[in-house]
Amino acid sequence: MQTTLRFHAYLPDDVASEAWLQINILRQIRNHAVRDYYSADYTDKPSDYDQHKKLSDWVGRWPVFGKPSRHAAQQAISQIHSDLETLDGRRDNGYNVGQLRWQGHGEFRSVSYNQASRWNVDHNTGGDRFVRLRLEKIGWFNIRADRVIPEPDEINRVILKKETTGEWFVSLVVEVDEPEKPELSEVSLDDCVGVDLGITSYIHTSDNLSVDTLDLSDEYDRYSREQRKFNRKEHGSNNWENQRRKVAKAKRRIKRKVLDYQHKLTTWLVREYDLVAVEDLDVKPMLETSQNAKNKQDAAWSRFLDLLEYKADLHGTHVVRVEPAGTTKECSACGVSTHKPIWVREHSCPACGHTEDRDLNAAKNILNRGLRKIGAGRSESTPMQTALPTSTPHREAVDAKRVVEVGSPEA
Ligand SMILES: [Zn+2]
């Protein structure tokens, strides 16, 4: 499987302005190829190979198109075709999708290479904090080596990107070995967990662990303060530009903190368990009230799930996505469904008398559904078939910080 390592990049001024200039030209090539694609007859759409060949004609007509690496230009064109495929896939799945858009200045911010002959790595920088990287037609610059930089021929792809904050980053896409996942029949029930995507807590597990929502109030305060200052600046002035960067930085700090938190939570889950059952939010994103749906969206759940699956592959853990409808209504002890308004925090079953925390009950249902789902292909006498214990483990509220400590930052 592939994984992406991201590094802070420090470009000398001349290299930075050259790189940004080339990225802007790649944007124009990309826009031109999009127009070329859509203006072609329905029966005769060009493939990426066709457009790679046309590139020579385009360079002949607009010599500026010859400024970036030809290879990088082909990459920008190939990206369109991969985006078109994604759009087709979504259309086939019933989504209402539009066309690829023309991209304005600043909307296209990266250059990508996928042949080892297009880059060099130099470790001899006189220190171990930095490593030098060279990209074809752009030149040499430093990247901060917070982790081991792979050898040039171990890298599948290099992407240089200028963020809206003005900072540069390099992403190295590398191949890593995927660990074997344990046989489902070998997984013990103790190593399985159901995770409820919470309303009052960030997650609640079937082991009755709840993890608090990340407190971002300081970060949000800072962001709105910078935004207010920005609104007062004269449009286009130097101060305006500086303030625009500060706003982008404040926003990115929030994003980074959330991402970091999600990394730690997901790492903790996949290290702690062999099987994690979660609600599949793609199936029914709008659960319960619209406020709830909004909260869930705010918490970037779909990314959390993507991260969880990504980590699970790295650590050899199973992730089972289950149908989310009714997980809070159903009784985890007897299976009878009872309607509960969102403010009722306790599950109390009129059928069997079982009572427990609403989120814990939901997490148990999620685990049950996950076990049932994988149980389909299993033999009759595996421990997984055993019903879950109905006794309630002692509820433990986990401070986000503790998870952060338990979760290793390695992946
Ligand atoms: Zn019941």
# chains A, B, ... in the order shown; residues from 1 in each chain; ligands from 1
$ residues_near_ligand --ligand "ligand 1" --cutoff "10 Å" --atoms "only C-alpha atoms and all ligand atoms" --output "CSV table (one decimal) with C-alpha atoms, in the first residue's frame"
chain,number,residue,atom,x,y,z
A,330,GLU,CA,-32.4,-0.4,19.7
A,331,CYS,CA,-31.9,-2.1,23.0
A,332,SER,CA,-28.5,-3.8,23.1
A,333,ALA,CA,-29.8,-6.4,25.5
A,334,CYS,CA,-33.0,-7.6,23.8
A,335,GLY,CA,-33.0,-5.9,20.4
A,336,VAL,CA,-36.4,-4.1,20.8
A,337,SER,CA,-36.5,-0.6,19.3
A,338,THR,CA,-37.9,2.3,21.3
A,347,HIS,CA,-31.6,4.1,27.4
A,348,SER,CA,-34.3,2.4,29.4
A,349,CYS,CA,-35.9,-0.6,27.7
A,350,PRO,CA,-39.7,-1.0,28.2
A,351,ALA,CA,-39.4,-4.6,26.9
A,352,CYS,CA,-36.7,-6.0,29.1
A,353,GLY,CA,-36.0,-3.3,31.7
A,354,HIS,CA,-32.4,-2.9,30.7
A,355,THR,CA,-31.0,0.5,31.4
$ residues_around --residues "Gln51 of chain A" --least-positions-apart "2" --cutoff "9 Å" --atoms "only C-alpha atoms" --output "list in words"
Ala33, Asp36, Tyr37, Pro46, Ser47, Asp48, Tyr49, Lys53, Lys54, Leu55, Gln74, Ile77 and Ser78 of chain A
$ write_last_selection --atoms "all heavy atoms" --output "short mmCIF file (atom, residue, chain, number, x, y, z; two decimals), in the first residue's frame"
data_model
loop_
_atom_site.label_atom_id
_atom_site.label_comp_id
_atom_site.auth_asym_id
_atom_site.auth_seq_id
_atom_site.Cartn_x
_atom_site.Cartn_y
_atom_site.Cartn_z
N ALA A 33 -6.20 21.93 -21.20
CA ALA A 33 -6.52 20.53 -21.44
C ALA A 33 -7.97 20.23 -21.07
O ALA A 33 -8.65 19.43 -21.74
CB ALA A 33 -5.57 19.63 -20.66
N ASP A 36 -9.98 21.58 -23.91
CA ASP A 36 -9.78 20.69 -25.05
C ASP A 36 -10.64 19.43 -24.89
O ASP A 36 -11.26 18.97 -25.84
CB ASP A 36 -8.29 20.31 -25.12
CG ASP A 36 -8.00 19.31 -26.23
OD1 ASP A 36 -8.14 19.70 -27.41
OD2 ASP A 36 -7.65 18.15 -25.93
N TYR A 37 -10.69 18.94 -23.68
CA TYR A 37 -11.47 17.72 -23.43
C TYR A 37 -12.96 17.96 -23.63
O TYR A 37 -13.63 17.22 -24.34
CB TYR A 37 -11.21 17.23 -22.00
CG TYR A 37 -12.00 15.99 -21.65
CD1 TYR A 37 -11.52 14.72 -21.96
CD2 TYR A 37 -13.26 16.10 -21.05
CE1 TYR A 37 -12.25 13.58 -21.67
CE2 TYR A 37 -14.01 14.96 -20.76
CZ TYR A 37 -13.49 13.71 -21.07
OH TYR A 37 -14.23 12.59 -20.79
N PRO A 46 -10.54 13.00 -25.93
CA PRO A 46 -9.13 12.62 -25.86
C PRO A 46 -8.81 11.90 -24.54
O PRO A 46 -9.36 12.23 -23.50
CB PRO A 46 -8.40 13.97 -25.92
CG PRO A 46 -9.39 14.97 -25.42
CD PRO A 46 -10.74 14.46 -25.80
N SER A 47 -7.93 10.92 -24.61
CA SER A 47 -7.44 10.24 -23.40
C SER A 47 -6.27 11.06 -22.85
O SER A 47 -5.85 12.04 -23.47
CB SER A 47 -6.95 8.84 -23.75
OG SER A 47 -5.80 8.94 -24.57
N ASP A 48 -5.74 10.68 -21.71
CA ASP A 48 -4.59 11.44 -21.21
C ASP A 48 -3.39 11.23 -22.14
O ASP A 48 -2.62 12.15 -22.38
CB ASP A 48 -4.27 11.15 -19.74
CG ASP A 48 -3.83 9.73 -19.46
OD1 ASP A 48 -4.09 8.85 -20.29
OD2 ASP A 48 -3.23 9.52 -18.39
N TYR A 49 -3.29 10.03 -22.72
CA TYR A 49 -2.21 9.77 -23.68
C TYR A 49 -2.34 10.72 -24.89
O TYR A 49 -1.36 11.32 -25.32
CB TYR A 49 -2.28 8.30 -24.11
CG TYR A 49 -1.28 7.94 -25.18
CD1 TYR A 49 0.07 7.82 -24.87
CD2 TYR A 49 -1.69 7.70 -26.49
CE1 TYR A 49 0.99 7.50 -25.83
CE2 TYR A 49 -0.77 7.37 -27.47
CZ TYR A 49 0.58 7.26 -27.14
OH TYR A 49 1.49 6.95 -28.10
N LYS A 53 0.33 13.80 -26.06
CA LYS A 53 0.88 14.00 -27.41
C LYS A 53 0.59 15.41 -27.92
O LYS A 53 1.42 16.03 -28.56
CB LYS A 53 0.32 12.95 -28.37
CG LYS A 53 1.01 11.59 -28.19
CD LYS A 53 0.86 10.70 -29.41
CE LYS A 53 -0.61 10.40 -29.68
NZ LYS A 53 -0.80 9.45 -30.78
N LYS A 54 -0.61 15.91 -27.61
CA LYS A 54 -0.99 17.25 -28.06
C LYS A 54 -0.13 18.33 -27.41
O LYS A 54 -0.02 19.44 -27.91
CB LYS A 54 -2.45 17.54 -27.70
CG LYS A 54 -3.47 16.84 -28.57
CD LYS A 54 -4.87 17.30 -28.17
CE LYS A 54 -5.93 16.63 -29.02
NZ LYS A 54 -7.28 17.09 -28.65
N LEU A 55 0.44 17.99 -26.25
CA LEU A 55 1.21 18.96 -25.49
C LEU A 55 2.31 19.59 -26.35
O LEU A 55 2.57 20.80 -26.25
CB LEU A 55 1.80 18.27 -24.25
CG LEU A 55 2.48 19.14 -23.20
CD1 LEU A 55 1.56 20.22 -22.68
CD2 LEU A 55 2.95 18.24 -22.04
N GLN A 74 2.70 16.80 -18.06
CA GLN A 74 1.94 15.58 -18.32
C GLN A 74 1.22 15.11 -17.06
O GLN A 74 0.09 14.63 -17.12
CB GLN A 74 2.88 14.47 -18.81
CG GLN A 74 3.41 14.73 -20.22
CD GLN A 74 4.41 13.68 -20.66
OE1 GLN A 74 4.92 12.91 -19.85
NE2 GLN A 74 4.70 13.66 -21.95
N ILE A 77 -1.89 17.04 -16.64
CA ILE A 77 -2.92 16.57 -17.57
C ILE A 77 -3.50 15.24 -17.08
O ILE A 77 -4.72 15.04 -17.07
CB ILE A 77 -2.32 16.43 -18.99
CG1 ILE A 77 -2.04 17.82 -19.56
CG2 ILE A 77 -3.26 15.65 -19.90
CD1 ILE A 77 -1.26 17.82 -20.86
N SER A 78 -2.62 14.35 -16.64
CA SER A 78 -3.11 13.05 -16.17
C SER A 78 -4.05 13.22 -14.97
O SER A 78 -4.99 12.45 -14.80
CB SER A 78 -1.94 12.15 -15.77
OG SER A 78 -1.19 11.80 -16.91
#
$ closest_residue --among "A:Ala325, A:Ile155, A:Leu160, A:Val344" --to "Ala16 of chain A" --atoms "only C-alpha atoms"
A:Leu160
$ residues_around --residues "Ser110 of chain A" --least-positions-apart "2" --cutoff "7 Å" --atoms "only C-alpha atoms" --output "JSON, numbers by chain"
{"A": [23, 108, 112, 159, 160, 161, 162]}
$ write_last_selection --atoms "C-alpha atoms" --output "PDB file, in the first residue's frame"
ATOM      1  CA  ILE A  23       2.778  26.102 -11.039  1.00  0.00           C
ATOM      2  CA  PHE A 108      -4.031  25.306  -8.399  1.00  0.00           C
ATOM      3  CA  SER A 112       3.819  16.703  -9.068  1.00  0.00           C
ATOM      4  CA  ILE A 159       4.421  16.761  -4.769  1.00  0.00           C
ATOM      5  CA  LEU A 160       5.543  20.301  -4.030  1.00  0.00           C
ATOM      6  CA  LYS A 161       2.744  22.525  -2.766  1.00  0.00           C
ATOM      7  CA  LYS A 162       2.439  26.129  -1.686  1.00  0.00           C
TER       8      LYS A 162
END
$ residues_around --residues "segment 307-310 of chain A" --least-positions-apart "6" --cutoff "8 Å" --atoms "only C-alpha atoms" --output "PyMOL selection string"
chain A and resi 262-263+266-267+270+319
$ write_last_selection --atoms "C-alpha atoms" --output "PDB file, in the first residue's frame"
ATOM      1  CA  GLN A 262      -8.048  12.401  14.907  1.00  0.00           C
ATOM      2  CA  HIS A 263      -4.678  10.829  14.133  1.00  0.00           C
ATOM      3  CA  THR A 266      -7.541   6.459  15.388  1.00  0.00           C
ATOM      4  CA  THR A 267      -4.028   5.236  16.219  1.00  0.00           C
ATOM      5  CA  VAL A 270      -6.258   0.362  15.991  1.00  0.00           C
ATOM      6  CA  VAL A 319     -12.680  -2.049  10.471  1.00  0.00           C
TER       7      VAL A 319
END
